[in-house]
$ cat target.cif   # mmCIF, C-alpha atoms and all ligand atoms
data_run
#
loop_
_atom_site.label_atom_id
_atom_site.label_comp_id
_atom_site.auth_asym_id
_atom_site.auth_seq_id
_atom_site.Cartn_x
_atom_site.Cartn_y
_atom_site.Cartn_z
CA THR F 1 0.00 0.00 0.00
CA ARG F 2 0.93 3.64 -0.38
CA THR F 3 3.35 5.12 2.13
CA SER F 4 1.89 7.50 4.71
CA ARG F 5 2.58 11.25 4.70
CA PRO F 6 4.74 10.96 7.86
CA GLN F 7 6.76 8.22 6.12
CA ARG F 8 7.28 10.53 3.13
CA ILE F 9 8.37 13.32 5.49
CA LEU F 10 10.92 10.96 7.11
CA LYS F 11 12.21 10.00 3.62
CA ALA F 12 12.69 13.69 2.80
CA VAL F 13 14.72 14.08 6.02
CA GLN F 14 16.85 11.02 5.23
CA ARG F 15 17.44 12.27 1.68
CA LYS F 16 18.08 15.95 2.36
CA ALA F 17 19.22 16.41 5.97
CA THR F 18 22.60 15.72 7.58
CA VAL F 19 22.70 13.32 10.52
CA GLY F 20 23.34 15.26 13.73
CA ASP F 21 22.36 18.61 12.21
CA PRO F 22 18.96 19.68 13.62
CA GLN F 23 18.70 22.78 11.43
CA SER F 24 19.06 20.67 8.27
CA VAL F 25 16.23 18.41 9.53
CA ILE F 26 13.98 21.46 10.10
CA THR F 27 14.88 22.90 6.67
CA ALA F 28 14.24 19.56 4.92
CA ILE F 29 10.77 19.18 6.47
CA ASP F 30 9.80 22.79 5.76
CA HIS F 31 10.95 22.49 2.12
CA PHE F 32 9.03 19.23 1.65
CA CYS F 33 5.85 20.60 3.24
CA ARG F 34 6.01 23.91 1.36
CA HIS F 35 6.82 22.48 -2.09
CA ARG F 36 5.58 18.87 -2.05
CA GLU F 37 2.91 18.08 0.55
CA TRP F 38 1.38 20.28 3.26
CA ALA F 39 1.56 18.77 6.75
CA MET F 40 0.55 20.03 10.20
CA ASN F 41 4.02 20.96 11.49
CA VAL F 42 4.14 24.28 13.32
CA GLY F 43 6.29 25.39 10.36
CA ASP F 44 9.02 27.98 9.82
CA GLU F 45 7.08 31.20 10.49
CA LYS F 46 5.39 30.16 13.75
CA GLY F 47 8.50 28.07 14.44
CA SER F 48 10.59 31.24 14.68
CA ILE F 49 8.18 32.55 17.33
CA LEU F 50 8.42 29.20 19.15
CA ASP F 51 12.23 29.53 19.03
CA SER F 52 12.13 33.03 20.54
CA VAL F 53 9.85 31.91 23.39
CA VAL F 54 12.06 28.86 24.14
CA SER F 55 15.17 31.06 24.14
CA GLU F 56 13.48 33.64 26.39
CA VAL F 57 12.22 31.02 28.90
CA SER F 58 15.40 28.85 28.65
CA PRO F 59 13.45 25.98 30.20
CA VAL F 60 14.90 22.99 32.05
CA THR F 61 11.79 20.83 31.61
CA VAL F 62 9.45 21.18 28.64
CA LEU F 63 6.20 19.30 27.95
CA GLU F 64 5.03 19.04 24.34
CA LEU F 65 1.51 17.74 23.69
CA GLY F 66 1.29 16.27 20.19
CA THR F 67 4.58 15.11 18.64
CA TYR F 68 3.32 14.21 15.13
CA CYS F 69 6.58 13.83 13.12
CA GLY F 70 8.80 15.50 15.71
CA TYR F 71 9.34 18.79 13.83
CA SER F 72 8.61 21.07 16.81
CA THR F 73 10.29 18.59 19.16
CA VAL F 74 13.53 19.11 17.19
CA ARG F 75 13.00 22.90 17.11
CA ILE F 76 12.64 22.97 20.91
CA ALA F 77 15.33 20.40 21.78
CA ARG F 78 18.00 22.08 19.62
CA LEU F 79 17.73 25.19 21.80
CA LEU F 80 17.91 23.44 25.18
CA PRO F 81 21.06 23.69 27.31
CA PRO F 82 22.78 20.49 28.55
CA GLY F 83 20.69 18.77 31.24
CA ALA F 84 17.40 20.20 29.96
CA CYS F 85 14.85 17.96 28.25
CA VAL F 86 11.53 17.87 26.47
CA ILE F 87 8.91 15.23 27.27
CA THR F 88 6.65 14.85 24.24
CA LEU F 89 3.36 12.94 24.27
CA GLU F 90 2.06 11.22 21.12
CA PHE F 91 -1.12 9.15 20.88
CA ASN F 92 -0.63 7.58 17.44
CA PRO F 93 2.02 4.80 17.43
CA ASP F 94 2.73 5.22 13.70
CA TYR F 95 3.44 8.94 14.15
CA ALA F 96 5.55 8.15 17.25
CA ALA F 97 7.66 5.66 15.28
CA ILE F 98 8.38 8.27 12.58
CA ALA F 99 9.08 10.99 15.16
CA ARG F 100 11.64 8.79 16.96
CA GLN F 101 13.57 8.43 13.69
CA VAL F 102 13.36 12.15 12.88
CA ILE F 103 14.60 13.02 16.39
CA LYS F 104 17.40 10.44 16.12
CA TRP F 105 18.45 11.81 12.70
CA SER F 106 18.75 15.26 14.28
CA GLY F 107 21.04 13.82 17.01
CA LEU F 108 18.85 15.16 19.83
CA GLU F 109 17.59 11.87 21.32
CA ASP F 110 19.39 12.58 24.62
CA LYS F 111 17.27 15.70 25.14
CA VAL F 112 13.93 14.10 24.22
CA GLN F 113 11.64 11.67 26.04
CA LEU F 114 8.90 10.56 23.62
CA VAL F 115 5.99 8.95 25.45
CA GLU F 116 3.31 7.02 23.54
CA GLY F 117 -0.11 7.57 25.01
CA ALA F 118 -2.84 10.12 25.62
CA SER F 119 -2.13 13.34 27.49
CA GLY F 120 -5.15 12.78 29.75
CA ASP F 121 -3.78 9.42 30.88
CA TRP F 122 -0.14 10.44 31.28
CA ILE F 123 -0.29 13.91 32.87
CA PRO F 124 -1.33 12.53 36.32
CA TRP F 125 1.76 10.29 36.30
CA MET F 126 4.35 12.92 35.25
CA LYS F 127 5.63 13.67 38.78
CA GLU F 128 5.87 10.05 39.88
CA HIS F 129 7.14 8.56 36.61
CA PHE F 130 9.50 11.27 35.35
CA GLY F 131 10.37 13.03 38.60
CA VAL F 132 9.05 16.30 37.17
CA GLN F 133 8.39 18.95 39.81
CA ALA F 134 6.74 21.48 37.46
CA PHE F 135 7.09 22.33 33.76
CA ASP F 136 8.86 25.54 32.76
CA LEU F 137 7.26 25.48 29.32
CA VAL F 138 4.29 23.58 27.83
CA PHE F 139 3.79 23.56 24.04
CA LEU F 140 0.21 22.62 23.14
CA ASP F 141 -0.20 21.29 19.60
CA HIS F 142 -2.38 18.19 19.93
CA TRP F 143 -6.16 17.70 19.55
CA LYS F 144 -7.58 21.23 19.85
CA GLU F 145 -10.47 20.18 22.09
CA ARG F 146 -7.91 18.79 24.58
CA TYR F 147 -6.08 22.10 25.14
CA LEU F 148 -8.44 23.32 27.89
CA PRO F 149 -9.06 20.04 29.76
CA ASP F 150 -5.34 19.22 29.72
CA THR F 151 -4.43 22.70 30.99
CA LYS F 152 -6.87 22.27 33.89
CA LEU F 153 -5.44 18.78 34.53
CA LEU F 154 -1.88 20.16 34.57
CA GLU F 155 -3.01 22.79 37.11
CA GLU F 156 -4.73 20.19 39.29
CA CYS F 157 -1.61 17.98 39.22
CA GLY F 158 0.58 20.89 40.32
CA LEU F 159 2.61 20.69 37.10
CA ILE F 160 1.96 24.36 36.32
CA GLN F 161 3.52 26.72 38.86
CA LYS F 162 4.20 30.48 39.09
CA GLY F 163 6.17 31.44 35.97
CA THR F 164 5.25 28.38 33.89
CA VAL F 165 4.71 29.42 30.26
CA LEU F 166 2.01 27.82 28.11
CA LEU F 167 2.47 28.26 24.35
CA ALA F 168 -0.47 27.11 22.23
CA ASP F 169 -0.43 26.54 18.46
CA ASN F 170 -3.48 27.02 16.19
CA VAL F 171 -5.48 29.32 18.43
CA ILE F 172 -7.06 30.80 15.25
CA CYS F 173 -6.85 27.96 12.72
CA PRO F 174 -8.23 25.36 13.37
CA GLY F 175 -8.95 27.37 16.54
CA THR F 176 -9.24 26.67 20.25
CA PRO F 177 -11.99 29.08 21.40
CA ASP F 178 -12.68 27.63 24.84
CA TYR F 179 -8.94 27.52 25.68
CA LEU F 180 -8.43 31.11 24.49
CA GLU F 181 -11.38 32.37 26.50
CA TYR F 182 -10.01 30.62 29.60
CA VAL F 183 -6.42 31.87 29.51
CA ARG F 184 -7.41 35.39 28.39
CA ASN F 185 -10.06 35.85 31.10
CA SER F 186 -8.39 34.04 33.98
CA PRO F 187 -6.78 36.36 36.57
CA ARG F 188 -4.13 33.66 37.01
CA TYR F 189 -2.68 34.00 33.49
CA ASN F 190 -0.99 36.83 31.61
CA SER F 191 -1.69 36.13 27.92
CA HIS F 192 -0.23 37.45 24.67
CA TYR F 193 -1.22 36.63 21.08
CA TYR F 194 1.57 36.31 18.47
CA ARG F 195 -0.14 36.87 15.13
CA SER F 196 1.25 34.72 12.31
CA HIS F 197 0.07 32.41 9.53
CA LEU F 198 -1.07 28.82 9.30
CA GLU F 199 2.01 26.79 8.40
CA TYR F 200 3.01 27.03 4.72
CA THR F 201 -0.11 29.12 3.86
CA LYS F 202 -1.38 32.73 3.81
CA ALA F 203 -4.26 32.00 6.21
CA GLU F 204 -4.13 33.71 9.60
CA ASP F 205 -3.11 31.69 12.62
CA GLY F 206 -1.09 32.46 15.72
CA LEU F 207 0.42 31.32 18.97
CA GLU F 208 -0.94 32.29 22.39
CA LYS F 209 1.64 32.63 25.16
CA SER F 210 0.19 32.48 28.67
CA VAL F 211 2.31 32.94 31.80
CA PHE F 212 0.91 31.44 35.01
CA LEU F 213 0.93 34.07 37.77
CA GLY F 214 0.46 31.66 40.68
CA TYR F 215 -2.49 31.19 43.00
O1 LIG F 301 -5.30 19.11 14.06
C1 LIG F 301 -4.18 19.58 14.23
N1 LIG F 301 -3.34 19.10 15.12
C2 LIG F 301 -3.75 17.95 15.90
C3 LIG F 301 -2.49 17.23 16.24
C4 LIG F 301 -2.54 16.06 16.79
C5 LIG F 301 -1.29 15.37 17.11
O2 LIG F 301 -1.32 14.97 18.47
C6 LIG F 301 -1.77 13.63 18.51
S1 LIG F 301 -3.19 13.58 19.43
C7 LIG F 301 -2.75 13.47 21.07
C8 LIG F 301 -1.43 13.56 21.52
C9 LIG F 301 -1.22 13.47 22.89
N2 LIG F 301 -2.22 13.28 23.76
C10 LIG F 301 -3.48 13.20 23.30
C11 LIG F 301 -3.76 13.28 21.96
C12 LIG F 301 -2.03 13.16 17.12
O3 LIG F 301 -1.67 11.83 16.96
C13 LIG F 301 -1.17 14.10 16.31
O4 LIG F 301 0.16 13.68 16.25
C14 LIG F 301 -3.71 20.70 13.39
C15 LIG F 301 -4.48 21.01 12.27
C16 LIG F 301 -4.06 22.05 11.45
N3 LIG F 301 -4.85 22.37 10.30
O5 LIG F 301 -4.57 23.33 9.57
O6 LIG F 301 -5.88 21.65 10.07
C17 LIG F 301 -2.90 22.78 11.70
C18 LIG F 301 -2.14 22.47 12.83
O7 LIG F 301 -1.00 23.17 13.12
C19 LIG F 301 -2.54 21.44 13.68
O8 LIG F 301 -1.78 21.19 14.79
MG MG F 302 -0.40 22.80 15.13
#

$ encode --input "target.cif" --output "structure tokens" --more "lines below"
Ligand SMILES: O=C(NC/C=C/[C@H]1O[C@@H](Sc2ccncc2)[C@H](O)[C@@H]1O)c1cc([N+](=O)[O-])cc(O)c1O
Ligand SMILES: [Mg+2]
Amino acid sequence: TRTSRPQRILKAVQRKATVGDPQSVITAIDHFCRHREWAMNVGDEKGSILDSVVSEVSPVTVLELGTYCGYSTVRIARLLPPGACVITLEFNPDYAAIARQVIKWSGLEDKVQLVEGASGDWIPWMKEHFGVQAFDLVFLDHWKERYLPDTKLLEECGLIQKGTVLLADNVICPGTPDYLEYVRNSPRYNSHYYRSHLEYTKAEDGLEKSVFLGY
């Protein structure tokens, strides 16, 4: 049967990128998705905003919800200092298998912990299983209807503390209205919208950065 789109993205990485060079992996995926087949990576334009937030926060522990092919995982991990890591949750085993190979090709496997499973099942175990005290940065890019329930779950589990930064993709397209309403109206978050475009297109989209102010 036909290969899957994630398999074709991995092939593009293996053909065009240099092992151990994360930037070449990012460039290969962006070129493939801009000129061959669109795919739901955060992309180069929103990716630059993601980079600036990661650099500004300089996080020790990052949680990514929704790995897909590992594009944003590589973008985040390449900016982390030694000792810092990103835990990324992926529900689909086929996507997870591709992402592991993309992350390995970039040479960043030591900074990444890819966990197969659903965010709702894994978040309550984060402290016990990974020894996480609280996340410095959370990148939300999974099922859009899970953004709000998972944020509330992270709060309940004490994984969001004063200063934790939430960065959410697709708050305009496909859109996460209930999440946006929550973080923008809650007195416990300071929110900012970074206007941009849906990856590889001219449609509007953006990232919402929300800093937790504590209880
Ligand atoms: O639907 C989108 N993203 C959903 C992403 C979902 C990813 O997260 C898990 S679900 C999961 C992972 C972890 N825990 C629970 C569920 C899926 O297996 C997929 O890898 C999307 C759509 C568009 N678009 O234009 O249509 C653009 C984007 O940038 C998008 O991110
Ligand atoms: Mg997205």

$ closest_residue --input "target.cif" --among "F:Pro22, F:Gly66, F:Pro187, F:Gly131" --to "ligand MG 302 (chain F)" --atoms "all atoms listed in the file"
F:Gly66

$ residues_near_ligand --input "target.cif" --ligand "ligand LIG 301 (chain F)" --cutoff "8 Å" --atoms "only C-alpha atoms and all ligand atoms" --output "number ranges by chain"
F: 39-42, 65-69, 89-93, 95-96, 116-120, 141-144, 146, 169-170, 173-174, 198-199

$ residues_around --input "target.cif" --residues "Tyr71 of chain F" --least-positions-apart "2" --cutoff "12 Å" --atoms "only C-alpha atoms" --output "VMD selection string"
chain F and resid 6 9 to 10 13 22 to 30 33 39 to 44 47 50 64 66 to 69 73 to 78 88 95 to 96 98 to 106 108 141

$ closest_residue --input "target.cif" --among "F:Ser58, F:Thr151, F:Asn190, F:Thr176" --to "Ile123 of chain F" --atoms "all atoms listed in the file"
F:Thr151

$ atom_distance --input "target.cif" --atom1 "atom CA of Ala17 of chain F" --atom2 "atom CA of Glu109 of chain F"
16.1 Å
